[in-house]
Amino acid sequence: MSSPLDRYRLIEHLFVPDSATAYWRGYDLTLDREVIIRTLVADDPRAAALREAARSSAMIEDRRLIRVLDVIDLPATESAPAMIAVINEWVQGQTLSSIMESRHWEPLDVDQAIGIVWEVAQALVRAHALRIRHGRLLPSSVVMTDAAEVRIIGMSIDAVLLGAPHEDLIRSDLDALGGLLYFLLTGKSPLFATMMQSPVNPSELPSAPRHGAHVEPASHIRADIPPAIDLLISRSMIEVKRPRGTSKLRSVEDFLTELTKIRDHVDPVAIARESKLLVYWGVRAVVAVALIAGLGLSVVAFRQLFIRPDVSTKSTVSFTLPAPSTSSVASAAALKILPMSSVTSFDPYGDDNGDGVADGIKGREREALAKFAFDANRKSSWKSQLYATADADAKGGVGLVLDLGTSQSISSVTVKFANSGTALRVGVADSIVSDPAQWQVLATAPAGKPRVTLRTPRAIAGRYILLWFPKLPPSSQQSDLHQVRVANVVVRGNPT
């Protein structure tokens, strides 16, 4: 006796959440394509909800939401009960949980994390406008495809089959968006402990630290997270305590609006050439597709999206990070290394003479070592003093000032740290100004990388370059103290 499922060849079990449900990887023999097949025993109490979820999710026309292709009723046989089968398209790529695991849970750059979550939020806004929710959005629900696209799996269906954290699915999706942003920025999941397991990654994700009933703010894990992101996460997640005077967000559209405001004010992208995520598509990959036409896509092809629970796959994924402008950012090979006349330490908020007044532009910190920041000797470096706190004992940071001798056209600055990398802001000016915030920003970089190259969308002219370190990493020699150490700095641009 023929079956409606005969056109599909079952390749492997992906996940068996309970005795009535199974997830399969299959192959559509008629249309010559791979698919995902979810089956549920027809007399299961979830059957009606599954049919409705499959029907509604098939109505959404947004490429980011992986489509339902078919819903099939399978009659009972001598060996199996009657079942419902939901067929979804198959997507080549890696889930965010797999990507983060391959990076050993190293956080993404702020702009990268915002770009991914912004895409997810946009897709959910489209779905919510049709009264369709995901309900169980996890890092394993978001796929980065081989073509560097964001795709979302399990729309409505996974909440029915696997359960949702909240009865209100709007609240579930809002919680998930905040949790996803938190996870990508910290490498730790603030999502419900019972929700951490998934078909893709049956082991638990690293969990976020908690203080009593609340998840610790993301900035307590990673110092360079902007306050606006901390606030957005607290307003979207129930388990993150929000500041007094602020209210919880009510819709995913509200979340997208707030995230868009933050995204539009993110500093220029800092491209870290030694990052484990070698080359990545960035915040404006979708809205600026035309800009990447000449760059090409650098991807690592992965055959399977899902893996068996007993199979471990360790890989590094690569995506393309588009430059902010096709004409404004010259390649490193085309730029010249700009010679430096001198390097001085910069400690404007220090008080070396103890008179109770900040030293301003005369402030110096270990000035005798400043020359070692650009001598190209790997064994020498400029290092700050040791501080008890990351903010330099409440000074707000320390820095270095590079003097090019004359005004030059500056395109990039490469900084190599002698210990752990730290948050960095690069400014440019024609005269030394005591307030770091008054320098024209070339670019910023988050903490964590031992070597980072910061590029500007358009070359900036100036004689002086400020390397400002607002948060210092733990000292490599005394872990309870903080210190920044700079081994080498290279400035590139077009000599004037």
# chains A, B, ... in the order shown; residues from 1 in each chain; ligands from 1

call {"tool": "select_by_dssp", "arguments": {"residues": "segment 20-160 of chain A", "states": "alpha helix (DSSP H)", "output": "PyMOL selection string"}}
result
chain A and resi 47-57+96-102+110-129+157-160

call {"tool": "residues_around", "arguments": {"residues": "Asn88 of chain A", "least_positions_apart": "3", "cutoff": "10 Å", "atoms": "only C-alpha atoms", "output": "list of chain:residue names"}}
result
A:Arg25, A:Gly26, A:Glu34, A:Val35, A:Ile36, A:Ile37, A:Arg38, A:Ala54, A:Ala58, A:Ile66, A:Arg67, A:Val68, A:Leu69, A:Asp70, A:Val71, A:Ala85, A:Val91, A:Ile153, A:Gly154

call {"tool": "write_last_selection", "arguments": {"atoms": "N, CA and C atoms", "output": "PDB file, in the first residue's frame"}}
result
ATOM      1  N   ARG A  25      15.808  14.171   8.985  1.00  0.00           N
ATOM      2  CA  ARG A  25      16.325  14.756   7.748  1.00  0.00           C
ATOM      3  C   ARG A  25      15.900  13.825   6.628  1.00  0.00           C
ATOM      4  N   GLY A  26      15.296  14.399   5.591  1.00  0.00           N
ATOM      5  CA  GLY A  26      14.787  13.580   4.497  1.00  0.00           C
ATOM      6  C   GLY A  26      15.172  14.135   3.143  1.00  0.00           C
ATOM      7  N   GLU A  34      16.601  18.360  -0.274  1.00  0.00           N
ATOM      8  CA  GLU A  34      16.563  17.890   1.096  1.00  0.00           C
ATOM      9  C   GLU A  34      15.489  18.655   1.873  1.00  0.00           C
ATOM     10  N   VAL A  35      14.930  17.979   2.869  1.00  0.00           N
ATOM     11  CA  VAL A  35      13.862  18.567   3.670  1.00  0.00           C
ATOM     12  C   VAL A  35      14.035  18.152   5.126  1.00  0.00           C
ATOM     13  N   ILE A  36      13.293  18.829   5.999  1.00  0.00           N
ATOM     14  CA  ILE A  36      13.156  18.432   7.397  1.00  0.00           C
ATOM     15  C   ILE A  36      11.738  17.897   7.571  1.00  0.00           C
ATOM     16  N   ILE A  37      11.615  16.755   8.203  1.00  0.00           N
ATOM     17  CA  ILE A  37      10.311  16.129   8.403  1.00  0.00           C
ATOM     18  C   ILE A  37      10.079  15.976   9.904  1.00  0.00           C
ATOM     19  N   ARG A  38       8.987  16.574  10.385  1.00  0.00           N
ATOM     20  CA  ARG A  38       8.585  16.411  11.774  1.00  0.00           C
ATOM     21  C   ARG A  38       7.332  15.550  11.797  1.00  0.00           C
ATOM     22  N   ALA A  54       1.375  24.780  11.504  1.00  0.00           N
ATOM     23  CA  ALA A  54       1.938  24.540  10.172  1.00  0.00           C
ATOM     24  C   ALA A  54       1.199  25.345   9.120  1.00  0.00           C
ATOM     25  N   ALA A  58       2.965  28.656   7.096  1.00  0.00           N
ATOM     26  CA  ALA A  58       3.115  28.556   5.641  1.00  0.00           C
ATOM     27  C   ALA A  58       2.638  29.823   4.933  1.00  0.00           C
ATOM     28  N   ILE A  66      12.006  30.013   7.499  1.00  0.00           N
ATOM     29  CA  ILE A  66      12.063  28.777   6.724  1.00  0.00           C
ATOM     30  C   ILE A  66      10.648  28.228   6.534  1.00  0.00           C
ATOM     31  N   ARG A  67      10.307  27.932   5.306  1.00  0.00           N
ATOM     32  CA  ARG A  67       8.928  27.657   4.918  1.00  0.00           C
ATOM     33  C   ARG A  67       8.466  26.245   5.278  1.00  0.00           C
ATOM     34  N   VAL A  68       7.162  26.130   5.546  1.00  0.00           N
ATOM     35  CA  VAL A  68       6.490  24.835   5.591  1.00  0.00           C
ATOM     36  C   VAL A  68       6.076  24.492   4.166  1.00  0.00           C
ATOM     37  N   LEU A  69       6.493  23.337   3.686  1.00  0.00           N
ATOM     38  CA  LEU A  69       6.210  22.941   2.307  1.00  0.00           C
ATOM     39  C   LEU A  69       4.948  22.102   2.182  1.00  0.00           C
ATOM     40  N   ASP A  70       4.654  21.306   3.232  1.00  0.00           N
ATOM     41  CA  ASP A  70       3.511  20.398   3.121  1.00  0.00           C
ATOM     42  C   ASP A  70       3.144  19.874   4.503  1.00  0.00           C
ATOM     43  N   VAL A  71       1.880  19.510   4.666  1.00  0.00           N
ATOM     44  CA  VAL A  71       1.405  18.808   5.856  1.00  0.00           C
ATOM     45  C   VAL A  71       0.702  17.546   5.365  1.00  0.00           C
ATOM     46  N   ALA A  85       2.681  14.501   9.411  1.00  0.00           N
ATOM     47  CA  ALA A  85       4.054  14.837   9.026  1.00  0.00           C
ATOM     48  C   ALA A  85       4.075  16.258   8.481  1.00  0.00           C
ATOM     49  N   VAL A  91      17.932  23.915   5.006  1.00  0.00           N
ATOM     50  CA  VAL A  91      18.833  25.034   4.774  1.00  0.00           C
ATOM     51  C   VAL A  91      20.255  24.612   5.117  1.00  0.00           C
ATOM     52  N   ILE A 153      14.302  28.792  11.919  1.00  0.00           N
ATOM     53  CA  ILE A 153      13.624  27.503  11.782  1.00  0.00           C
ATOM     54  C   ILE A 153      12.626  27.312  12.923  1.00  0.00           C
ATOM     55  N   GLY A 154      11.628  26.468  12.662  1.00  0.00           N
ATOM     56  CA  GLY A 154      10.683  26.068  13.703  1.00  0.00           C
ATOM     57  C   GLY A 154       9.605  27.077  14.024  1.00  0.00           C
TER      58      GLY A 154
END

call {"tool": "closest_residue", "arguments": {"among": "A:Ser412, A:Ser345, A:Ser79, A:Thr186", "to": "Leu108 of chain A", "atoms": "only C-alpha atoms"}}
result
A:Thr186

call {"tool": "closest_residue", "arguments": {"among": "A:Arg9, A:Arg250, A:His104, A:Arg133", "to": "Ile60 of chain A", "atoms": "only C-alpha atoms"}}
result
A:Arg133

call {"tool": "select_by_dssp", "arguments": {"residues": "segment 27-132 of chain A", "states": "strand (DSSP E or B)", "output": "list in words"}}
result
Tyr27, Asp28, Arg33, Glu34, Val35, Ile36, Ile37, Arg38, Thr39, Leu40, Val41, Leu65, Val68, Leu69, Asp70, Val71, Ile72, Asp73, Leu74, Met83, Ile84, Ala85, Val86, Ile87, Asn88, Glu89, Gly93, Gln94 and Thr95 of chain A

call {"tool": "write_last_selection", "arguments": {"atoms": "N, CA and C atoms", "output": "mmCIF file, in the first residue's frame"}}
result
data_model
loop_
_atom_site.group_PDB
_atom_site.id
_atom_site.type_symbol
_atom_site.label_atom_id
_atom_site.label_comp_id
_atom_site.auth_asym_id
_atom_site.auth_seq_id
_atom_site.Cartn_x
_atom_site.Cartn_y
_atom_site.Cartn_z
ATOM 1 N N TYR A 27 14.737 13.400 2.114
ATOM 2 C CA TYR A 27 15.047 13.816 0.734
ATOM 3 C C TYR A 27 13.792 13.689 -0.108
ATOM 4 N N ASP A 28 13.422 14.785 -0.765
ATOM 5 C CA ASP A 28 12.257 14.812 -1.638
ATOM 6 C C ASP A 28 12.671 14.266 -2.999
ATOM 7 N N ARG A 33 15.376 17.577 -3.560
ATOM 8 C CA ARG A 33 15.876 18.515 -2.559
ATOM 9 C C ARG A 33 15.773 17.886 -1.174
ATOM 10 N N GLU A 34 16.601 18.360 -0.274
ATOM 11 C CA GLU A 34 16.563 17.890 1.096
ATOM 12 C C GLU A 34 15.489 18.655 1.873
ATOM 13 N N VAL A 35 14.930 17.979 2.869
ATOM 14 C CA VAL A 35 13.862 18.567 3.670
ATOM 15 C C VAL A 35 14.035 18.152 5.126
ATOM 16 N N ILE A 36 13.293 18.829 5.999
ATOM 17 C CA ILE A 36 13.156 18.432 7.397
ATOM 18 C C ILE A 36 11.738 17.897 7.571
ATOM 19 N N ILE A 37 11.615 16.755 8.203
ATOM 20 C CA ILE A 37 10.311 16.129 8.403
ATOM 21 C C ILE A 37 10.079 15.976 9.904
ATOM 22 N N ARG A 38 8.987 16.574 10.385
ATOM 23 C CA ARG A 38 8.585 16.411 11.774
ATOM 24 C C ARG A 38 7.332 15.550 11.797
ATOM 25 N N THR A 39 7.321 14.543 12.640
ATOM 26 C CA THR A 39 6.147 13.675 12.718
ATOM 27 C C THR A 39 5.579 13.691 14.134
ATOM 28 N N LEU A 40 4.249 13.574 14.219
ATOM 29 C CA LEU A 40 3.557 13.524 15.499
ATOM 30 C C LEU A 40 2.424 12.519 15.385
ATOM 31 N N VAL A 41 2.280 11.662 16.399
ATOM 32 C CA VAL A 41 1.178 10.702 16.425
ATOM 33 C C VAL A 41 -0.144 11.458 16.343
ATOM 34 N N LEU A 65 12.274 33.362 7.161
ATOM 35 C CA LEU A 65 11.514 32.354 7.886
ATOM 36 C C LEU A 65 11.421 31.095 7.033
ATOM 37 N N VAL A 68 7.162 26.130 5.546
ATOM 38 C CA VAL A 68 6.490 24.835 5.591
ATOM 39 C C VAL A 68 6.076 24.492 4.166
ATOM 40 N N LEU A 69 6.493 23.337 3.686
ATOM 41 C CA LEU A 69 6.210 22.941 2.307
ATOM 42 C C LEU A 69 4.948 22.102 2.182
ATOM 43 N N ASP A 70 4.654 21.306 3.232
ATOM 44 C CA ASP A 70 3.511 20.398 3.121
ATOM 45 C C ASP A 70 3.144 19.874 4.503
ATOM 46 N N VAL A 71 1.880 19.510 4.666
ATOM 47 C CA VAL A 71 1.405 18.808 5.856
ATOM 48 C C VAL A 71 0.702 17.546 5.365
ATOM 49 N N ILE A 72 1.142 16.395 5.844
ATOM 50 C CA ILE A 72 0.666 15.115 5.317
ATOM 51 C C ILE A 72 0.034 14.287 6.436
ATOM 52 N N ASP A 73 -1.113 13.704 6.161
ATOM 53 C CA ASP A 73 -1.740 12.750 7.078
ATOM 54 C C ASP A 73 -1.318 11.344 6.676
ATOM 55 N N LEU A 74 -0.699 10.641 7.608
ATOM 56 C CA LEU A 74 -0.219 9.285 7.343
ATOM 57 C C LEU A 74 -1.143 8.289 8.038
ATOM 58 N N MET A 83 -0.201 9.195 11.805
ATOM 59 C CA MET A 83 0.667 10.311 12.166
ATOM 60 C C MET A 83 0.404 11.516 11.280
ATOM 61 N N ILE A 84 0.857 12.655 11.757
ATOM 62 C CA ILE A 84 0.903 13.884 10.968
ATOM 63 C C ILE A 84 2.370 14.161 10.665
ATOM 64 N N ALA A 85 2.681 14.501 9.411
ATOM 65 C CA ALA A 85 4.054 14.837 9.026
ATOM 66 C C ALA A 85 4.075 16.258 8.481
ATOM 67 N N VAL A 86 4.948 17.082 9.036
ATOM 68 C CA VAL A 86 5.119 18.459 8.568
ATOM 69 C C VAL A 86 6.466 18.536 7.853
ATOM 70 N N ILE A 87 6.429 19.013 6.604
ATOM 71 C CA ILE A 87 7.635 19.061 5.775
ATOM 72 C C ILE A 87 8.117 20.505 5.669
ATOM 73 N N ASN A 88 9.365 20.734 6.042
ATOM 74 C CA ASN A 88 9.995 22.053 5.919
ATOM 75 C C ASN A 88 11.150 22.003 4.936
ATOM 76 N N GLU A 89 11.447 23.142 4.322
ATOM 77 C CA GLU A 89 12.647 23.206 3.489
ATOM 78 C C GLU A 89 13.891 23.029 4.358
ATOM 79 N N GLY A 93 23.843 25.378 6.344
ATOM 80 C CA GLY A 93 24.474 26.398 7.153
ATOM 81 C C GLY A 93 24.739 25.918 8.558
ATOM 82 N N GLN A 94 24.932 26.854 9.468
ATOM 83 C CA GLN A 94 25.175 26.542 10.867
ATOM 84 C C GLN A 94 24.273 27.383 11.757
ATOM 85 N N THR A 95 23.783 26.780 12.826
ATOM 86 C CA THR A 95 23.007 27.541 13.785
ATOM 87 C C THR A 95 23.942 28.436 14.603
#

call {"tool": "residues_around", "arguments": {"residues": "segment 357-360 of chain A", "least_positions_apart": "2", "cutoff": "12 Å", "atoms": "only C-alpha atoms", "output": "count of residues only"}}
result
22

call {"tool": "atom_distance", "arguments": {"atom1": "atom CA of Pro17 of chain A", "atom2": "atom CA of Leu180 of chain A"}}
result
22.7 Å

call {"tool": "residues_around", "arguments": {"residues": "Ala368 of chain A", "least_positions_apart": "2", "cutoff": "12 Å", "atoms": "only C-alpha atoms", "output": "list of chain:residue names"}}
result
A:Ser342, A:Val343, A:Thr344, A:Ser345, A:Arg364, A:Glu365, A:Arg366, A:Ala370, A:Lys371, A:Phe372, A:Ala373, A:Ser381, A:Trp382, A:Lys383, A:Ser384

call {"tool": "residues_around", "arguments": {"residues": "Leu137 of chain A", "least_positions_apart": "3", "cutoff": "8 Å", "atoms": "only C-alpha atoms", "output": "count of residues only"}}
result
8

call {"tool": "residues_around", "arguments": {"residues": "Ser189 of chain A", "least_positions_apart": "2", "cutoff": "10 Å", "atoms": "only C-alpha atoms", "output": "list of chain:residue names"}}
result
A:Ser97, A:Leu138, A:Pro139, A:Gly179, A:Leu180, A:Leu181, A:Tyr182, A:Phe183, A:Leu184, A:Leu185, A:Thr186, A:Gly187, A:Leu191, A:Phe192, A:Ala193, A:Met196, A:Glu204, A:Leu205, A:Pro206, A:Ser207, A:Ala208, A:Pro209, A:Val215

call {"tool": "closest_residue", "arguments": {"among": "A:Glu119, A:Asp375, A:Asp430, A:Asp224", "to": "Lys471 of chain A", "atoms": "only C-alpha atoms"}}
result
A:Asp224

call {"tool": "atom_distance", "arguments": {"atom1": "atom CA of Ala228 of chain A", "atom2": "atom CA of Leu472 of chain A"}}
result
21.0 Å

call {"tool": "residues_around", "arguments": {"residues": "segment 239-241 of chain A", "least_positions_apart": "4", "cutoff": "7 Å", "atoms": "only C-alpha atoms", "output": "list of chain:residue names"}}
result
A:His214, A:Val215, A:Glu216, A:Pro217, A:Ser234

call {"tool": "atom_distance", "arguments": {"atom1": "atom CA of Phe15 of chain A", "atom2": "atom CA of Ser3 of chain A"}}
result
22.8 Å
